[in-house]
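Reproduced below: structure.txt, with compact mmCIF, C-alpha atoms.
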# COMPACT_ATOMS: atom_id res chain seq x y z
CA MET A 1 33.59 24.21 56.56
CA ALA A 2 32.38 21.19 54.74
CA ASP A 3 30.76 19.41 57.67
CA LYS A 4 28.39 22.19 58.59
CA ILE A 5 24.71 21.40 58.35
CA LYS A 6 23.01 22.98 55.36
CA ILE A 7 19.81 24.88 56.10
CA GLY A 8 17.49 26.19 53.43
CA THR A 9 14.42 28.34 53.83
CA MET A 10 11.65 29.09 51.38
CA TRP A 11 8.47 31.11 51.29
CA LEU A 12 5.38 29.91 49.49
CA GLY A 13 1.84 31.19 49.99
CA GLY A 14 2.63 33.32 53.03
CA CYS A 15 3.50 36.91 53.82
CA SER A 16 7.23 36.48 54.62
CA GLY A 17 6.52 37.46 58.22
CA CYS A 18 7.85 34.11 59.38
CA HIS A 19 11.13 34.84 57.61
CA LEU A 20 11.31 38.09 59.53
CA ALA A 21 11.01 36.01 62.67
CA ILE A 22 14.09 34.09 61.50
CA ALA A 23 15.88 37.37 60.85
CA ASP A 24 14.98 38.26 64.44
CA PHE A 25 16.96 35.32 65.90
CA HIS A 26 19.26 37.89 67.43
CA GLU A 27 22.15 36.42 69.41
CA SER A 28 21.08 32.83 68.94
CA LEU A 29 22.01 33.32 65.29
CA ILE A 30 25.66 33.12 66.38
CA ASP A 31 25.07 29.72 68.00
CA ILE A 32 23.21 28.48 64.96
CA LEU A 33 25.82 29.68 62.48
CA GLU A 34 28.49 27.78 64.41
CA LEU A 35 26.72 24.55 63.53
CA ALA A 36 25.05 25.35 60.25
CA ASP A 37 25.02 27.54 57.17
CA PHE A 38 22.07 29.06 55.38
CA GLU A 39 22.66 27.73 51.87
CA PHE A 40 19.42 28.71 50.26
CA SER A 41 17.16 31.46 51.53
CA PRO A 42 15.30 34.08 49.52
CA VAL A 43 15.48 36.55 52.39
CA LEU A 44 19.24 36.21 52.87
CA CYS A 45 20.81 35.25 49.56
CA ASP A 46 20.28 35.36 45.84
CA THR A 47 18.31 32.24 45.05
CA LYS A 48 17.71 30.59 41.69
CA TYR A 49 15.16 27.84 41.43
CA ASP A 50 17.41 25.78 39.15
CA GLU A 51 20.33 26.01 41.57
CA ILE A 52 18.83 24.58 44.72
CA PRO A 53 21.60 22.71 46.57
CA GLU A 54 21.10 19.45 48.46
CA LEU A 55 19.86 20.51 51.89
CA ASP A 56 19.86 18.87 55.31
CA VAL A 57 17.03 20.94 56.71
CA CYS A 58 14.50 22.97 54.77
CA ILE A 59 12.26 25.42 56.58
CA ILE A 60 9.19 26.19 54.49
CA GLU A 61 6.85 29.06 55.19
CA GLY A 62 3.40 29.44 53.66
CA GLY A 63 0.78 27.14 52.23
CA ILE A 64 0.04 26.03 48.68
CA ARG A 65 -1.91 28.76 46.89
CA ASN A 66 -0.76 28.39 43.26
CA ASP A 67 0.97 25.86 41.04
CA GLU A 68 4.35 27.50 41.54
CA ASN A 69 4.05 26.92 45.29
CA ARG A 70 3.32 23.25 44.69
CA GLU A 71 6.20 22.77 42.25
CA LEU A 72 8.66 24.39 44.66
CA ALA A 73 7.37 22.41 47.62
CA GLU A 74 7.83 19.15 45.74
CA LEU A 75 11.28 20.16 44.51
CA LEU A 76 12.43 21.15 48.00
CA ARG A 77 11.07 17.90 49.43
CA GLU A 78 13.31 16.00 46.99
CA LYS A 79 16.35 18.09 47.84
CA SER A 80 15.98 18.03 51.61
CA ASN A 81 16.45 15.42 54.30
CA LEU A 82 14.14 17.10 56.73
CA VAL A 83 11.29 19.46 55.95
CA ILE A 84 9.85 21.76 58.58
CA ALA A 85 6.42 23.29 57.98
CA PHE A 86 7.07 26.64 59.49
CA GLY A 87 4.38 29.06 60.56
CA THR A 88 0.63 28.70 60.63
CA CYS A 89 0.19 29.14 56.86
CA ALA A 90 2.41 26.15 56.17
CA VAL A 91 0.90 24.02 58.93
CA TYR A 92 -2.81 24.91 58.66
CA GLY A 93 -3.16 27.21 55.65
CA GLY A 94 -3.34 30.41 57.67
CA ILE A 95 -5.18 33.61 56.86
CA PRO A 96 -4.89 33.21 53.04
CA GLY A 97 -7.00 30.10 53.63
CA LEU A 98 -10.06 32.29 54.15
CA GLY A 99 -9.90 32.69 50.36
CA ASN A 100 -11.37 29.17 50.30
CA LEU A 101 -14.74 30.82 50.92
CA HIS A 102 -14.62 32.05 47.33
CA THR A 103 -13.93 30.51 43.94
CA VAL A 104 -10.79 31.37 42.01
CA ASP A 105 -12.92 33.37 39.57
CA GLU A 106 -14.42 35.45 42.37
CA LEU A 107 -10.97 36.12 43.82
CA THR A 108 -9.31 37.18 40.58
CA THR A 109 -12.29 39.33 39.56
CA GLU A 110 -12.21 41.05 42.94
CA ALA A 111 -8.45 41.62 42.83
CA TYR A 112 -8.05 42.72 39.21
CA ILE A 113 -11.40 44.20 38.21
CA ASN A 114 -13.57 45.23 41.16
CA SER A 115 -10.77 46.56 43.32
CA VAL A 116 -11.03 50.38 43.34
CA SER A 117 -7.30 50.89 43.47
CA THR A 118 -6.64 48.81 40.34
CA PRO A 119 -7.14 50.74 37.10
CA ASN A 120 -8.10 48.04 34.61
CA ASP A 121 -10.49 49.49 32.05
CA GLU A 122 -10.21 46.55 29.71
CA GLY A 123 -11.04 44.11 32.48
CA LEU A 124 -7.99 41.95 31.82
CA ILE A 125 -7.05 39.17 34.19
CA PRO A 126 -3.36 38.26 33.94
CA ASN A 127 -3.07 34.68 32.76
CA GLU A 128 0.28 34.42 30.97
CA GLU A 129 3.61 33.89 32.70
CA VAL A 130 2.02 34.10 36.13
CA PRO A 131 1.40 31.06 38.32
CA HIS A 132 -2.19 29.88 38.26
CA LEU A 133 -4.18 29.77 41.46
CA GLU A 134 -5.19 26.30 42.58
CA ASN A 135 -8.86 25.71 43.32
CA ARG A 136 -8.20 26.30 47.02
CA VAL A 137 -5.46 26.98 49.55
CA ARG A 138 -3.91 23.84 50.98
CA SER A 139 -1.57 23.44 53.89
CA LEU A 140 1.93 22.12 53.25
CA PRO A 141 1.28 18.65 54.76
CA GLN A 142 -1.61 18.26 52.29
CA ALA A 143 0.88 18.58 49.42
CA ILE A 144 4.15 16.97 50.61
CA ASP A 145 5.42 14.89 53.53
CA VAL A 146 6.46 17.09 56.40
CA ASP A 147 8.76 15.95 59.23
CA LEU A 148 8.05 18.64 61.79
CA ILE A 149 5.56 21.43 62.29
CA ILE A 150 6.23 24.72 64.05
CA PRO A 151 3.00 26.74 64.03
CA GLY A 152 2.63 30.42 64.87
CA CYS A 153 1.81 33.63 63.08
CA PRO A 154 4.70 34.11 63.12
CA PRO A 155 6.27 31.60 65.53
CA ARG A 156 8.15 33.35 68.31
CA SER A 157 11.79 33.82 67.38
CA ASP A 158 13.01 32.26 70.62
CA VAL A 159 10.83 29.20 69.98
CA ILE A 160 12.20 28.75 66.46
CA ALA A 161 15.79 29.35 67.53
CA GLU A 162 15.44 26.80 70.31
CA ALA A 163 13.83 24.27 67.96
CA VAL A 164 16.48 24.72 65.27
CA LEU A 165 19.32 24.53 67.81
CA THR A 166 17.89 21.38 69.38
CA LEU A 167 17.61 19.79 65.95
CA LEU A 168 21.13 20.81 64.97
CA LYS A 169 22.48 19.23 68.14
CA GLY A 170 20.64 16.01 67.32
CA GLY A 171 17.92 16.33 69.95
CA THR A 172 14.21 15.72 69.49
CA ILE A 173 11.49 18.33 69.66
CA GLU A 174 8.12 17.93 71.27
CA LEU A 175 5.35 20.41 70.81
CA PRO A 176 3.33 21.14 73.94
CA THR A 177 0.07 19.21 74.21
CA THR A 178 -1.60 21.66 76.56
CA ASN A 179 -3.91 24.50 75.60
CA LEU A 180 -3.42 28.18 76.15
CA CYS A 181 -5.46 28.28 79.36
CA GLU A 182 -2.79 26.14 81.03
CA VAL A 183 -0.25 28.92 80.68
CA CYS A 184 -2.60 31.92 80.72
CA PRO A 185 -1.97 34.20 83.69
CA ARG A 186 -5.65 35.12 84.01
CA GLU A 187 -7.71 33.62 86.78
CA LYS A 188 -10.30 31.02 85.76
CA PRO A 189 -13.68 31.48 87.39
CA PRO A 190 -14.47 28.57 89.71
CA GLU A 191 -17.66 27.73 87.76
CA GLY A 192 -15.67 27.14 84.57
CA LEU A 193 -15.57 28.96 81.28
CA ALA A 194 -19.24 29.95 81.25
CA MET A 195 -20.12 33.19 79.49
CA ASP A 196 -23.41 35.01 79.98
CA PHE A 197 -23.22 37.09 76.81
CA VAL A 198 -20.97 37.46 73.79
CA LYS A 199 -19.38 40.86 73.36
CA ARG A 200 -16.85 42.41 71.08
CA GLN A 201 -13.80 44.06 72.51
CA MET A 202 -15.02 47.58 71.69
CA GLU A 203 -18.19 46.93 73.71
CA VAL A 204 -16.25 45.72 76.71
CA GLY A 205 -13.62 48.42 76.67
CA LYS A 206 -10.77 47.50 78.94
CA PRO A 207 -11.44 44.05 80.36
CA GLU A 208 -11.10 43.44 84.06
CA ASP A 209 -7.55 42.64 85.11
CA ASP A 210 -6.71 39.07 86.04
CA LEU A 211 -10.09 37.54 85.16
CA CYS A 212 -10.54 35.06 82.30
CA LEU A 213 -11.62 36.89 79.13
CA ILE A 214 -14.27 34.32 78.21
CA ALA A 215 -16.03 34.91 81.50
CA GLN A 216 -16.17 38.59 80.53
CA GLY A 217 -17.97 37.80 77.28
CA LEU A 218 -15.04 37.90 74.87
CA VAL A 219 -14.55 35.08 72.39
CA CYS A 220 -11.02 33.95 73.29
CA LEU A 221 -9.84 30.91 71.34
CA GLY A 222 -7.39 29.92 74.05
CA PRO A 223 -9.20 26.70 75.09
CA ALA A 224 -8.67 25.23 71.60
CA THR A 225 -5.22 26.68 70.92
CA VAL A 226 -1.82 25.16 71.60
CA SER A 227 0.22 26.76 74.38
CA LEU A 228 3.36 27.39 72.33
CA CYS A 229 3.09 31.19 72.50
CA GLY A 230 2.93 31.52 76.26
CA ALA A 231 -0.44 33.32 76.21
CA GLU A 232 1.03 36.65 75.22
CA CYS A 233 -2.23 38.15 73.95
CA PRO A 234 -4.57 37.22 76.82
CA GLY A 235 -1.78 38.43 79.11
CA ILE A 236 -2.31 41.95 77.79
CA ALA A 237 -6.13 41.70 77.59
CA ILE A 238 -6.40 40.77 73.92
CA PRO A 239 -8.52 37.65 73.28
CA CYS A 240 -6.70 34.81 71.54
CA ARG A 241 -7.54 34.45 67.85
CA GLY A 242 -6.00 31.02 67.58
CA CYS A 243 -2.98 31.93 65.45
CA TYR A 244 -0.89 29.01 66.73
CA GLY A 245 -3.54 26.52 65.70
CA PRO A 246 -5.08 23.72 67.75
CA THR A 247 -3.50 21.25 70.15
CA ALA A 248 -2.60 17.86 68.71
CA LYS A 249 -5.75 16.22 70.04
CA ILE A 250 -8.09 18.47 68.06
CA VAL A 251 -9.04 17.67 64.47
CA ASP A 252 -10.99 20.81 63.67
CA ALA A 253 -10.09 23.83 65.77
CA GLY A 254 -13.10 25.98 64.93
CA ALA A 255 -15.67 23.28 65.54
CA LYS A 256 -14.11 22.41 68.88
CA MET A 257 -14.21 26.01 70.05
CA ILE A 258 -17.82 26.43 68.90
CA SER A 259 -18.64 23.35 70.92
CA ALA A 260 -16.95 24.77 74.00
CA ILE A 261 -18.68 28.14 73.79
CA ALA A 262 -22.14 26.74 73.07
CA SER A 263 -21.96 24.11 75.82
CA ASP A 264 -20.94 26.52 78.52
CA TYR A 265 -23.04 29.49 77.47
CA ARG A 266 -25.10 30.44 80.55
CA VAL A 267 -24.62 26.91 81.77
CA GLY A 268 -26.10 27.83 85.14
CA ASP A 269 -29.52 28.41 83.54
CA ASP A 270 -29.08 25.41 81.26
CA LYS A 271 -32.75 24.56 81.10
CA THR A 272 -34.28 28.00 80.79
CA VAL A 273 -31.96 29.84 78.41
CA ASP A 274 -33.20 30.33 74.85
CA PRO A 275 -31.09 27.98 72.68
CA GLU A 276 -31.02 30.56 69.87
CA GLU A 277 -29.51 33.19 72.14
CA VAL A 278 -25.84 32.32 71.73
CA ALA A 279 -26.16 31.56 68.00
CA GLY A 280 -27.79 34.96 67.50
CA GLN A 281 -24.88 36.76 69.13
CA LEU A 282 -22.14 35.22 67.00
CA ASP A 283 -21.51 36.71 63.58
CA ASP A 284 -19.09 35.58 60.88
CA LEU A 285 -18.44 32.14 62.35
CA VAL A 286 -15.79 31.13 59.83
CA GLY A 287 -13.97 34.44 60.26
CA THR A 288 -14.09 34.15 64.04
CA PHE A 289 -13.28 30.51 64.58
CA TYR A 290 -11.37 29.53 61.45
CA SER A 291 -9.29 32.66 60.70
CA TYR A 292 -6.08 30.64 60.70
CA THR A 293 -7.10 27.03 60.14
CA LEU A 294 -9.78 26.84 57.42
CA PRO A 295 -7.70 24.83 54.87
CA ALA A 296 -6.95 22.20 57.52
CA ALA A 297 -10.55 22.05 58.78
CA LEU A 298 -12.88 19.13 58.13
CA VAL A 299 -14.79 21.22 55.61
CA PRO A 300 -11.87 23.22 54.16
CA MET A 301 -13.76 25.25 51.59
CA LYS A 302 -17.13 26.68 50.75
CA MET A 303 -19.24 24.14 48.94
CA GLN A 304 -20.20 25.35 45.48
CA LYS A 305 -23.65 24.42 44.33
CA GLY A 306 -23.42 22.18 41.33
CA GLY A 307 -26.22 21.42 38.90
CA LYS A 308 -28.44 18.72 40.29
CA MET B 1 -27.50 2.43 43.87
CA ALA B 2 -25.38 5.39 42.92
CA GLU B 3 -28.12 7.99 42.98
CA GLU B 4 -29.39 6.99 46.43
CA VAL B 5 -28.80 9.63 49.07
CA LYS B 6 -26.99 8.75 52.29
CA ILE B 7 -27.95 10.21 55.62
CA VAL B 8 -25.94 9.84 58.83
CA MET B 9 -28.09 9.80 61.94
CA PHE B 10 -26.71 10.25 65.44
CA CYS B 11 -28.97 8.74 68.10
CA CYS B 12 -28.56 8.94 71.85
CA ASN B 13 -28.42 5.61 73.63
CA TRP B 14 -31.31 6.18 76.02
CA CYS B 15 -34.10 7.69 73.92
CA SER B 16 -33.62 7.98 70.18
CA TYR B 17 -31.79 4.68 69.73
CA GLY B 18 -34.62 3.13 71.72
CA GLY B 19 -37.00 4.89 69.33
CA ALA B 20 -35.22 3.20 66.42
CA ASP B 21 -35.60 -0.13 68.23
CA THR B 22 -39.29 0.50 68.76
CA ALA B 23 -39.73 1.32 65.07
CA GLY B 24 -37.90 -1.91 64.26
CA THR B 25 -39.78 -4.23 66.61
CA ALA B 26 -43.08 -2.77 65.44
CA ARG B 27 -41.95 -3.42 61.85
CA MET B 28 -42.56 0.13 60.75
CA GLN B 29 -41.40 0.84 57.22
CA TYR B 30 -38.95 3.62 56.51
CA PRO B 31 -36.39 4.24 53.71
CA PRO B 32 -33.03 2.47 54.06
CA ASN B 33 -30.98 5.60 53.38
CA ILE B 34 -29.92 6.22 56.96
CA ARG B 35 -26.86 4.98 58.82
CA VAL B 36 -27.42 5.19 62.55
CA ILE B 37 -24.53 5.95 64.87
CA ARG B 38 -25.25 5.45 68.55
CA VAL B 39 -23.72 7.82 71.09
CA MET B 40 -24.27 7.71 74.82
CA CYS B 41 -25.86 11.15 74.94
CA SER B 42 -26.74 13.75 72.33
CA GLY B 43 -24.64 16.10 74.46
CA ARG B 44 -21.62 14.09 73.32
CA ILE B 45 -22.14 15.17 69.72
CA ASP B 46 -19.38 17.50 68.75
CA PRO B 47 -19.68 19.86 65.74
CA GLN B 48 -16.68 17.92 64.42
CA PHE B 49 -18.88 14.81 64.05
CA VAL B 50 -21.38 16.65 61.86
CA LEU B 51 -18.67 18.26 59.72
CA LYS B 52 -16.84 14.94 59.40
CA ALA B 53 -20.03 13.28 58.17
CA PHE B 54 -20.48 15.94 55.50
CA ARG B 55 -16.82 15.71 54.52
CA GLU B 56 -16.99 11.95 54.12
CA GLY B 57 -19.88 12.30 51.72
CA ALA B 58 -23.08 12.30 53.78
CA ASP B 59 -25.88 14.07 51.93
CA GLY B 60 -27.69 14.84 55.15
CA VAL B 61 -27.20 14.55 58.91
CA ILE B 62 -29.84 13.98 61.59
CA VAL B 63 -29.10 14.40 65.27
CA ALA B 64 -31.65 12.96 67.67
CA GLY B 65 -31.76 13.08 71.45
CA CYS B 66 -34.12 12.79 74.39
CA HIS B 67 -36.96 15.25 74.86
CA MET B 68 -36.18 18.28 76.99
CA GLY B 69 -36.19 17.24 80.62
CA ASP B 70 -35.73 13.55 79.81
CA CYS B 71 -31.96 13.51 79.37
CA HIS B 72 -30.41 10.54 81.15
CA TYR B 73 -27.56 12.81 82.19
CA ASP B 74 -29.84 15.69 83.15
CA ALA B 75 -28.97 18.37 80.58
CA GLY B 76 -26.89 17.01 77.67
CA ASN B 77 -29.62 17.74 75.15
CA TYR B 78 -29.88 21.39 76.24
CA LYS B 79 -26.20 21.81 75.46
CA LEU B 80 -26.63 20.06 72.13
CA ASP B 81 -29.55 22.33 71.29
CA ARG B 82 -27.44 25.47 71.76
CA ARG B 83 -24.59 23.91 69.78
CA MET B 84 -26.82 22.86 66.88
CA ARG B 85 -28.16 26.39 66.37
CA ILE B 86 -24.58 27.56 65.75
CA ILE B 87 -23.78 24.57 63.50
CA TYR B 88 -26.74 25.42 61.24
CA ASN B 89 -25.26 28.89 60.74
CA LEU B 90 -21.75 27.50 60.30
CA ILE B 91 -22.61 25.02 57.57
CA GLU B 92 -24.56 27.70 55.79
CA GLU B 93 -21.46 29.92 55.79
CA LEU B 94 -19.60 26.94 54.35
CA GLY B 95 -22.09 26.68 51.50
CA ILE B 96 -23.87 23.56 52.77
CA GLU B 97 -27.65 24.03 52.69
CA ARG B 98 -29.08 24.33 56.19
CA GLU B 99 -31.80 21.82 55.20
CA ARG B 100 -29.20 19.07 55.03
CA LEU B 101 -28.97 19.14 58.82
CA TYR B 102 -31.81 18.44 61.20
CA HIS B 103 -32.13 17.84 64.90
CA ASP B 104 -35.13 16.66 66.85
CA TRP B 105 -36.11 14.88 70.04
CA ILE B 106 -37.31 11.29 69.82
CA SER B 107 -38.17 9.26 72.92
CA ALA B 108 -37.77 5.48 73.21
CA SER B 109 -41.52 4.99 72.76
CA GLU B 110 -41.79 7.16 69.66
CA GLY B 111 -41.07 4.58 66.95
CA GLU B 112 -43.59 6.32 64.71
CA LYS B 113 -41.84 9.67 65.12
CA PHE B 114 -38.49 8.01 64.34
CA ALA B 115 -39.83 6.55 61.10
CA ASN B 116 -41.56 9.81 60.17
CA THR B 117 -38.39 11.84 60.82
CA VAL B 118 -36.40 9.52 58.56
CA ARG B 119 -39.07 9.64 55.85
CA MET B 120 -39.28 13.43 56.03
CA MET B 121 -35.50 13.86 55.90
CA VAL B 122 -34.98 11.40 53.04
CA ALA B 123 -37.65 13.19 51.00
CA LYS B 124 -36.04 16.57 51.75
CA ILE B 125 -32.54 15.40 50.82
CA LYS B 126 -33.74 13.67 47.64
CA ASP B 127 -35.26 16.98 46.71
CA LEU B 128 -31.96 18.80 47.32
CA GLY B 129 -29.95 16.16 45.49
CA PRO B 130 -26.67 14.57 46.56
CA SER B 131 -24.11 16.79 48.27
CA PRO B 132 -21.22 17.72 45.91
CA LEU B 133 -18.95 18.52 48.87
CA LYS B 134 -16.84 15.36 48.94
CA GLU B 135 -16.20 15.52 45.22
CA GLN B 136 -15.21 19.18 45.47
CA ILE B 137 -12.86 18.58 48.39
CA GLU B 138 -11.14 15.72 46.59
CA ALA B 139 -10.91 17.58 43.27
If you took the structure in this file and wrote it as C-alpha cells, what would it be?
Amino acid sequence: MADKIKIGTMWLGGCSGCHLAIADFHESLIDILELADFEFSPVLCDTKYDEIPELDVCIIEGGIRNDENRELAELLREKSNLVIAFGTCAVYGGIPGLGNLHTVDELTTEAYINSVSTPNDEGLIPNEEVPHLENRVRSLPQAIDVDLIIPGCPPRSDVIAEAVLTLLKGGTIELPTTNLCEVCPREKPPEGLAMDFVKRQMEVGKPEDDLCLIAQGLVCLGPATVSLCGAECPGIAIPCRGCYGPTAKIVDAGAKMISAIASDYRVGDDKTVDPEEVAGQLDDLVGTFYSYTLPAALVPMKMQKGGK
Amino acid sequence: MAEEVKIVMFCCNWCSYGGADTAGTARMQYPPNIRVIRVMCSGRIDPQFVLKAFREGADGVIVAGCHMGDCHYDAGNYKLDRRMRIIYNLIEELGIERERLYHDWISASEGEKFANTVRMMVAKIKDLGPSPLKEQIEA
C-alpha cells in the first residue's frame, strides 16, 4: 500500500539491545504494521547505506562514537521527516559514554594491545578501512536535530509500541515529568530520604521489604531519574542505576543526585556529623552517578592536562 | 587580557557577600580576576553550578558561606560542606585539579579574609595555568 507510513530504524554507537526491544513488540506489531511499514532496518531487512529510502519516521539507537556513526546520523536526518532518539545511548550517550574518561589512544591500546584475549604480537592498531573513533562519545542530539526522545536501556517494549502507535495515529507524546519515587511502590520514610550510611548491595543482603532503599543505605538513583520505567528495579529490591536518564528539569543527572545524597546524609545530626563521612563512603563517583549520562553531563569528558 | 585567569565565586547573601561589601567599603585591594555570583544561601549551591562554571571556562571556583552556626537558615552551610567534599572527589575523577575548587567560610565582617581568600586563590590558579576544559569540550 502506497499510503502507509514509512518507518526506518538504525543502530549507531549502541549494543542493538534497543532493536531487540522493537523485535519484542509482540502483538502490538500487528497494529503498527496496519499503519506503517518498516522500510529500512538493519535488524529486519538487508540494508545498504546507498539505498536509504525517504522515510517518514526514523528511529535511531545509539550515540555518536565514530565518524561512520556521524555520517549515518546526518544522512538519516536528511532522509527523514521525524527523527526519534531511541534508547539512553542515543539520548544521553549511555554506557559507552564512560569511555569519555579515557583518550582514544588509551582506548585503542587497551582494546587491541593490552587486552589479554587479543593476540597481537606486532602491536598493530587497525587504522585502514575502519571508522575512526571521535575524540569522545556524543549523544545524538549533540550531532543532529532530534524531534523526540525515548530514553531507556532499553526502553520498555510497551512504552515504545505505545509511543509509535500514538505518533502513527497523529497524536502527541509527552514524557512524564515526575521522578521514579513518584511511582515507586516502596514506602518513603516520614523524615525524607535521609541515609545514615552508604552500603553496597552485597553488604545489605536482602533489603527490607516495602521500605525505601535509600533509607536502607543503598544508592538508588530514583530521585533523579524519570518515571518512564514504572520503578521496576526498586520494586524487586534492586537500586535504580538511572538507566532512563534524568527528568526534564535536571541538567546534569549525576550532580543532582550527588546533591540529594549529600544534603540528606544523616540530616538529623546535621551539625555534628563529620562532613567527610559521606564523601569517604562513596567510591567511583562517575561510575555510580554517571553510568548512563556522562556524554550529556555538564563536564562530559575527563579533562586532559595540556602543556601550560 | 587573554592570559588572565577567571575565577567564579559564589557568595551567600548574608555573610560572604557582606564580606565582599566590607572589603569594598574599606577599599581593600584584591586582584580583579573574580566574578562574584550572589546566592541566598550557600546551601543553595548545587554541584551543577560548580560544573557549569568549569564547563563555561572558569579556571577556578570559590564557594563561600557563613561560618558554622551562623547560617541565616540554620544549617544550609553544613549541607554545602558535605556536598563540597564529594564535588572535590568528582572533579578529580573528571581530570580537573582539586586545587581549582575551594570553599571557605567568610562572615560579613571579614573583609580582610575575603580579600586574602581571593588573593590566595588567584595565585594558586595562576600557578596551575588556565583550565583547558572548555577548549577540549568544544574541540
### Query
If we count only C-alpha atoms, what is near stretch 38-42 of chain B at a cut-off of 12 Å, once residues fewer than 4 positions away on the same chain are taken out, given as a PyMOL selection string?
(chain A and resi 263) or (chain B and resi 8-21+46-47+49+62-68+70-84+103-106)
### Nearest to chain B by atom-to-atom distance, counting only C-alpha atoms, from A:Val204, A:Leu98, A:Leu75, A:Leu211
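For chain B, the nearest of the given residues is A:Leu98.
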### Task
Calculate how many Å separate atom CA of A:Thr272 from atom CA of A:Gln216, rounding to one decimal.
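Rounded to one decimal, the two atoms are 21.0 Å apart.
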### Query
Which residue, B:Gln48, B:Asn33, B:Thr22, B:Asn89, has the smallest gap to A:Leu282 when you use only C-alpha atoms?
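The shortest atom-to-atom distance to A:Leu282 comes from B:Asn89.
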### Summary
A straight line from atom CA of B:Lys134 to atom CA of B:Glu4 spans 15.3 Å
### Task
Could you tell me which of A:Asp67, A:Glu182, A:Asp264, A:Asp158 comes closest to A:His26 if we count only C-alpha atoms?
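Closest to A:His26 of all the choices is A:Asp158.
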### Task
Between atom CA of B:Lys52 and atom CA of A:Leu298, measure the distance and give it in Å to one decimal.
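That distance, rounded to one decimal, is 5.9 Å.
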9 Å contact set for A:Ser41, all atoms listed in the file, chain neighbours under 3 positions out, as a PDB file with C-alpha atoms, keeping the file's coordinate frame:
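File produced: part_20.pdb:
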ATOM      1  CA  ILE A   7      19.810  24.880  56.100  1.00  0.00           C
ATOM      2  CA  GLY A   8      17.490  26.190  53.430  1.00  0.00           C
ATOM      3  CA  THR A   9      14.420  28.340  53.830  1.00  0.00           C
ATOM      4  CA  MET A  10      11.650  29.090  51.380  1.00  0.00           C
ATOM      5  CA  TRP A  11       8.470  31.110  51.290  1.00  0.00           C
ATOM      6  CA  PHE A  38      22.070  29.060  55.380  1.00  0.00           C
ATOM      7  CA  LEU A  44      19.240  36.210  52.870  1.00  0.00           C
ATOM      8  CA  CYS A  45      20.810  35.250  49.560  1.00  0.00           C
ATOM      9  CA  ASP A  46      20.280  35.360  45.840  1.00  0.00           C
ATOM     10  CA  THR A  47      18.310  32.240  45.050  1.00  0.00           C
TER      11      THR A  47
END
### Summary
One residue among B:Ala115, B:Met121, B:Ala108, B:Ile96 is nearest to B:Arg55 when using all atoms listed in the file, and that residue is B:Ile96
So that I can look at just that part, could you write stretch 81-95 of chain B with N, CA and C atoms, as a CSV table (one decimal), in the first residue's frame?
chain,number,residue,atom,x,y,z
B,81,ASP,N,28.8,21.9,53.0
B,81,ASP,CA,30.1,21.3,53.4
B,81,ASP,C,30.2,19.8,53.0
B,82,ARG,N,29.1,19.1,53.3
B,82,ARG,CA,29.1,17.6,52.9
B,82,ARG,C,29.2,17.5,51.4
B,83,ARG,N,28.4,18.3,50.7
B,83,ARG,CA,28.3,18.3,49.2
B,83,ARG,C,29.7,18.6,48.6
B,84,MET,N,30.3,19.6,49.2
B,84,MET,CA,31.6,20.0,48.6
B,84,MET,C,32.6,18.9,48.6
B,85,ARG,N,32.7,18.2,49.8
B,85,ARG,CA,33.7,17.1,49.9
B,85,ARG,C,33.5,16.1,48.8
B,86,ILE,N,32.3,15.9,48.3
B,86,ILE,CA,32.1,14.9,47.2
B,86,ILE,C,32.5,15.6,45.9
B,87,ILE,N,32.1,16.9,45.8
B,87,ILE,CA,32.5,17.5,44.5
B,87,ILE,C,34.0,17.6,44.2
B,88,TYR,N,34.8,17.8,45.3
B,88,TYR,CA,36.2,17.7,45.1
B,88,TYR,C,36.6,16.4,44.5
B,89,ASN,N,36.1,15.3,45.0
B,89,ASN,CA,36.4,14.0,44.5
B,89,ASN,C,35.9,13.8,43.1
B,90,LEU,N,34.7,14.3,42.8
B,90,LEU,CA,34.1,14.2,41.5
B,90,LEU,C,35.0,14.9,40.4
B,91,ILE,N,35.3,16.2,40.7
B,91,ILE,CA,36.1,16.9,39.7
B,91,ILE,C,37.5,16.2,39.5
B,92,GLU,N,38.0,15.7,40.5
B,92,GLU,CA,39.3,15.0,40.3
B,92,GLU,C,39.1,13.8,39.4
B,93,GLU,N,38.0,13.0,39.6
B,93,GLU,CA,37.8,11.9,38.7
B,93,GLU,C,37.6,12.4,37.2
B,94,LEU,N,37.1,13.6,37.1
B,94,LEU,CA,36.9,14.2,35.8
B,94,LEU,C,38.1,14.9,35.3
B,95,GLY,N,39.3,14.8,36.0
B,95,GLY,CA,40.5,15.3,35.5
B,95,GLY,C,40.8,16.7,35.8
